[in-house]
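J.: One structure, pasted below without further comment.
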Amino acid sequence: MRMPHPLLLTLTLYLAGLGAAGQFSKLAVSFVTLTEVYAAQSDAVLGLAVSLISLVGLILGLVAGIVVSRIGAKRALVAALALGAVVSFWQATLPAFSWLLASRVLEGASHLLIVVAAPTLIAEATPDRYRPAALTLWSTFFGVAFAVTAGVAPWMMAQGGLPMLLGAHGVWMTLACVAVLVVLPPAVSETARASAHLSIVRRHLTAYATPGIAMPALAWLCYTLTFVSVLTALPLLTQGAAPGWLATVAPLVSIAVALTVGVAVLSRRAARPVVVLGFGLCAVVSVGILLVGFTTLTVLLLFAAMALVQSAGFAVVPQINADGPSRALANGALAQMGNLGNLSGTPLLIAVYQGAPVWGPVLFLVLAYGAGIYLSWEIGRRAVAAMEPAHRFR
């Protein structure tokens, strides 16, 4: 069967990624309405409905990688999109809160399989010259989905309330599922169907001792520790001086830099040095923040620097993992560490701010980025050395 054009294939998988991010954003941006629908629940308990997907990802990230490597990336992706569509349509009926929580667990499994299978497919099905750009585009799916949801959710809820928003997400997931079935040929996932001969327990014990799997995941942990936490804590960090638009514009700046500067750099350089460079620039900006504080300019510069880590974070996976199963497991570990960073970054940053408002947050950032530099360079060096000569990226 003829392989679809790389752009069509990438955009099809990107649609799936937007649907996966929508599983977070649909409740995050409609949280006020959610509190009105489930008024008997406290805000803290309702917050669990939003964050439960992250908890599922933290616990089962590597399991998702194993599942994808065993059944094939396309099969896993189609199943995950179908499950996500069914769950969203069910949520649109506004079930009892206990059932809503149960649905979020199922949605967490769907989300995990999507974010593991889709970049694995992109890495396998796109030619070498298109792969960095395709994976850079993929890296923007989360921010783009949140921006789109924030833009359309108020209108949708004004027309049909929360059920309309949740139902619209179900429609999106259905269309993405059909698009994947139509566009991606079966041969795309053949190399990912190799048997994952190690048990789940052994995978968890050995994954982070395997440089090609550990390096992208640990680098992503260092990145996610700071991305969401800085956005969330902006009112504290800027002492209330941040303009209202900054939390919206900063991620968009990161996306724009990733799709321009990131793509340009990755077309000429291997991804691992770009990750190291990105962390280095982040550390430099963080030191500058110690001198002038968290201002509009320094925050935008920080997110622009983080864009290099974002754009190269997924691109490095196929460069230091030679086969489909290894890439699937690496993407699963990346998802696992990303969820750990998202969950723990904000409370850690706020805690150090309360202990030392001036230098505490800067120290937190410098330590995270310094760890990112060391882990990306040292573990990445071992991963490159372990690759077959024909696959090495120098």
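FYI, nothing fancy with the structure tokens labels: chains A, B, ... in order, residues from 1 per chain, ligands from 1 as they appear.
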Near region 104-117 of chain A, counting only C-alpha atoms, which residues have an atom at most 7 Å away, once you skip same-chain residues fewer than 5 positions from it, shown as a PyMOL selection string?
T.: chain A and resi 17+20+49+52-53+56-57+61+64-65+68+73+76-77+80-81+83-84+87+328+331-332
J.: Would you mind writing down, as a PyMOL selection string, each residue of region 169-311 of chain A that DSSP on the backbone assigns to alpha helix (DSSP H)?
T.: chain A and resi 169-183+200-206+211-232+234-237+246-257+263-266+271-292+296-311
J.: For region 377-379 of chain A, work out the shell of residues within 7 Å, counting only C-alpha atoms and skipping chain neighbours fewer than 5 positions away, then give it as a count of residues only.
T.: 3
J.: So what do you get for CA of Thr248 (chain A) versus CA of Pro361 (chain A), distance-wise?
T.: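 Straight-line distance from CA of Thr248 (chain A) to CA of Pro361 (chain A) works out to 20.8 Å.
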J.: Kindly indicate which residue among A:Gly341, A:Gly262, A:Gly22, A:Pro216 lies nearest to Ala307 (chain A), using only C-alpha atoms for the distances.
T.: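 Of all the options, A:Gly262 lies closest to Ala307 (chain A).
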J.: So that I can check the surroundings of region 282-297 of chain A, please list as a PyMOL selection string every protein, DNA and RNA residue that reaches within 7 Å of it, counting only C-alpha atoms and ignoring chain neighbours fewer than 4 positions away.
T.: chain A and resi 237-238+242+278+301-302+305-306+359+362+365-366+369-370
J.: Could you dump the residues just selected with N, CA, C and O atoms as a compact mmCIF listing (two decimals), in the first residue's frame?
T.:
```
# COMPACT_ATOMS: atom_id res chain seq x y z
N LEU A 237 4.96 35.12 41.50
CA LEU A 237 6.33 35.41 41.07
C LEU A 237 6.50 36.87 40.66
O LEU A 237 7.56 37.46 40.86
N THR A 238 5.46 37.43 40.04
CA THR A 238 5.54 38.83 39.60
C THR A 238 4.96 39.79 40.63
O THR A 238 4.85 40.98 40.36
N ALA A 242 2.10 41.09 36.78
CA ALA A 242 2.01 40.52 35.43
C ALA A 242 0.71 40.94 34.76
O ALA A 242 -0.35 40.90 35.38
N GLY A 278 18.88 24.28 24.80
CA GLY A 278 17.65 24.86 25.35
C GLY A 278 17.71 25.00 26.85
O GLY A 278 17.37 26.06 27.42
N LEU A 301 11.07 35.59 27.60
CA LEU A 301 12.37 35.03 27.20
C LEU A 301 12.53 33.61 27.72
O LEU A 301 13.07 32.74 27.02
N LEU A 302 12.06 33.36 28.94
CA LEU A 302 12.16 32.01 29.50
C LEU A 302 11.35 31.01 28.67
O LEU A 302 11.84 29.92 28.36
N ALA A 305 13.06 30.29 25.41
CA ALA A 305 14.17 29.35 25.57
C ALA A 305 13.67 27.93 25.78
O ALA A 305 14.23 26.96 25.23
N MET A 306 12.58 27.78 26.54
CA MET A 306 12.01 26.45 26.76
C MET A 306 11.52 25.81 25.47
O MET A 306 11.40 24.59 25.37
N TRP A 359 15.05 34.50 45.98
CA TRP A 359 15.95 33.60 45.27
C TRP A 359 15.47 32.15 45.21
O TRP A 359 16.00 31.35 44.44
N VAL A 362 14.18 31.12 41.68
CA VAL A 362 15.30 31.11 40.74
C VAL A 362 16.17 29.87 40.97
O VAL A 362 16.60 29.21 40.02
N LEU A 365 14.50 26.91 39.46
CA LEU A 365 14.64 26.87 38.00
C LEU A 365 16.06 26.46 37.61
O LEU A 365 16.25 25.62 36.72
N VAL A 366 17.05 27.05 38.24
CA VAL A 366 18.44 26.75 37.88
C VAL A 366 18.76 25.28 38.14
O VAL A 366 19.43 24.62 37.34
N TYR A 369 17.02 23.18 35.40
CA TYR A 369 17.67 23.29 34.09
C TYR A 369 19.10 22.75 34.13
O TYR A 369 19.57 22.17 33.15
N GLY A 370 19.77 22.92 35.26
CA GLY A 370 21.10 22.33 35.40
C GLY A 370 21.04 20.81 35.33
O GLY A 370 21.87 20.16 34.68
```
J.: I need the residue nearest Arg129 (chain A) from this list: A:Gln310, A:Ser267, A:Ser344, A:Gln159. Use only C-alpha atoms for the distance.
T.: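 Using only C-alpha atoms, the shortest distance to Arg129 (chain A) belongs to A:Ser267.
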J.: Taking 3 positions as the minimum chain separation for residues in the same chain, which residues sit within 7 Å of Pro318 (chain A) when counting only C-alpha atoms? Answer as a PyMOL selection string.
T.: chain A and resi 123+315+321-322+327
J.: Okay, now the selection with N, CA, C and O atoms, as an mmCIF file, in the first residue's frame?
T.:
```
data_model
loop_
_atom_site.group_PDB
_atom_site.id
_atom_site.type_symbol
_atom_site.label_atom_id
_atom_site.label_comp_id
_atom_site.auth_asym_id
_atom_site.auth_seq_id
_atom_site.Cartn_x
_atom_site.Cartn_y
_atom_site.Cartn_z
ATOM 1 N N ALA A 123 7.480 9.021 14.081
ATOM 2 C CA ALA A 123 8.906 8.708 13.949
ATOM 3 C C ALA A 123 9.150 7.594 12.947
ATOM 4 O O ALA A 123 10.155 7.604 12.227
ATOM 5 N N ALA A 315 11.787 14.844 19.274
ATOM 6 C CA ALA A 315 12.640 14.511 18.126
ATOM 7 C C ALA A 315 13.820 13.644 18.522
ATOM 8 O O ALA A 315 14.344 12.880 17.704
ATOM 9 N N ASN A 321 16.896 5.749 19.774
ATOM 10 C CA ASN A 321 16.221 4.452 19.907
ATOM 11 C C ASN A 321 15.997 3.903 18.508
ATOM 12 O O ASN A 321 15.280 4.515 17.711
ATOM 13 N N ALA A 322 16.571 2.756 18.222
ATOM 14 C CA ALA A 322 16.652 2.290 16.838
ATOM 15 C C ALA A 322 15.409 1.588 16.335
ATOM 16 O O ALA A 322 15.215 1.475 15.132
ATOM 17 N N ARG A 327 11.161 2.848 20.910
ATOM 18 C CA ARG A 327 10.602 4.200 20.799
ATOM 19 C C ARG A 327 9.278 4.303 21.545
ATOM 20 O O ARG A 327 8.993 5.309 22.205
#
```
J.: Residues at most 8 Å from Leu100 (chain A), counting only C-alpha atoms, excluding those fewer than 5 positions away in the same chain, as a list in words?
T.: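 Once the adjacent positions are removed, what remains is Ala49, Gln91, Leu94 and Pro95 of chain A.
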J.: Hey, can you spit out that residue selection with N, CA, C and O atoms as a compact mmCIF listing (two decimals), in the first residue's frame?
T.:
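For reference, part_25.txt as written:
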```txt
# COMPACT_ATOMS: atom_id res chain seq x y z
N ALA A 49 -11.05 15.56 39.40
CA ALA A 49 -11.61 15.17 38.11
C ALA A 49 -10.76 15.71 36.96
O ALA A 49 -10.66 15.07 35.90
N GLN A 91 -19.78 11.31 29.16
CA GLN A 91 -19.66 12.45 30.07
C GLN A 91 -20.67 13.54 29.73
O GLN A 91 -21.11 14.28 30.60
N LEU A 94 -23.70 14.04 31.69
CA LEU A 94 -23.49 14.53 33.06
C LEU A 94 -23.86 13.45 34.09
O LEU A 94 -24.80 13.61 34.88
N PRO A 95 -23.10 12.37 34.11
CA PRO A 95 -23.39 11.28 35.05
C PRO A 95 -23.09 11.70 36.48
O PRO A 95 -22.53 12.77 36.74
```
J.: Enter the distance from CA of Val309 (chain A) to CA of Thr224 (chain A), in Å, rounded to one decimal.
T.: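 Between CA of Val309 (chain A) and CA of Thr224 (chain A) the gap works out to 10.2 Å.
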J.: Find the residues around region 148-155 of chain A up to 8 Å (only C-alpha atoms counted), leave out those fewer than 3 positions away in its own chain, and share them as a list in words.
T.: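 Contacts, in chain order: Gly22, Ser25, Lys26, Val29, Ser30, Val144, Ala145, Ala158, Gln159 and Leu165 of chain A.
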J.: With only C-alpha atoms as the atoms that count, which of A:Ala247, A:Met173, A:Val180, A:Val50 lies nearest to Phe31 (chain A)?
T.: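 Distance minimum relative to Phe31 (chain A) lands on A:Val50.
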J.: Compare A:Met157, A:Leu266, A:Val384, A:Leu8 by their minimum atom-to-atom distance to Leu184 (chain A), counting only C-alpha atoms, and give me the closest one.
T.: A:Leu8
J.: Pick from A:Val178, A:Ala217, A:Thr140, A:Ala241: nearest to Val253 (chain A), with only C-alpha atoms counted?
T.: A:Thr140
